[in-house]
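*Asks:* The structure's right below; bear with me while I get my questions together.
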Amino acid sequence: MSRLHASIYFSIHVLWPLVADFSGAAELDSKMNSSDGVGRRCSSGAQAPNWKRMAKEEKITLDAEVTEALPDARFKVKLENDQEILAYVSGKMRKFFIRILPGDRVTVEMSPYDMTKGRIVYRH
């Protein structure tokens, strides 16, 4: 038997019955399964505090025209307000092999935090 198999055998057949027979297991299990909020579990199994999460900012959706094709599925895109940004193709468009060429009308999603980059989500 290899060393790996021996250690797996030891942990399953020798250690597991000892852990399963632990008297505080029911109490620990009830604490982990308590549904007193949105808290996440820590690596130790205890529940993290229920911090309020900040709401995500909504994406800005704009129509644009592709002006230049760049390597790695990126494009220079000119927005309706004559601003030019760098945009990449969304995952669904890559998955279904939707081709984009210079001159195409597209819909771009932009984050309000970085107005110089965007994601192409639709080709008209």
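By convention here, the chains of the structure tokens are called A, B, ... in the order presented, each chain's residues are numbered starting at 1, and ligands are numbered starting at 1 in the order presented.
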Please provide the set of residues having any atom within 9 Å of Glu109 (chain A), restricted to only C-alpha atoms, with same-chain residues fewer than 5 positions apart removed, written as number ranges by chain.
*Replies:* A: 59-63, 87, 117-121
*Asks:* What is the CA of Ser90 (chain A) to CA of Val108 (chain A) distance in Å?
*Replies:*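 These atoms are spaced 9.6 Å apart.
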*Asks:* How many Å separate CA of Tyr122 (chain A) from CA of Thr107 (chain A)?
*Replies:*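 Between these atoms lies a distance of 5.0 Å.
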*Asks:* Give the answer as one residue: which of A:Tyr113, A:Val89, A:Ile98, A:His124 has the shortest atom-to-atom distance to Glu65 (chain A), using only C-alpha atoms?
*Replies:* A:His124
*Asks:* Just to confirm, what's the straight-line distance from CA of Arg74 (chain A) to CA of Met115 (chain A) in Å (one decimal)?
*Replies:*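 That distance, rounded to one decimal, is 15.8 Å.
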*Asks:* For Val106 (chain A), which of A:Arg94, A:Lys56, A:Lys78, A:Arg123 is the closest residue, counting only C-alpha atoms?
*Replies:*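 That would be A:Arg123, the residue with the smallest distance to Val106 (chain A).
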*Asks:* Which one of A:Met110, A:Ala73, A:Glu57, A:Glu68 sits closest to Phe97 (chain A) if you count only C-alpha atoms?
*Replies:*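 Comparing A:Met110, A:Ala73, A:Glu57, A:Glu68 against Phe97 (chain A), the winner is A:Ala73.
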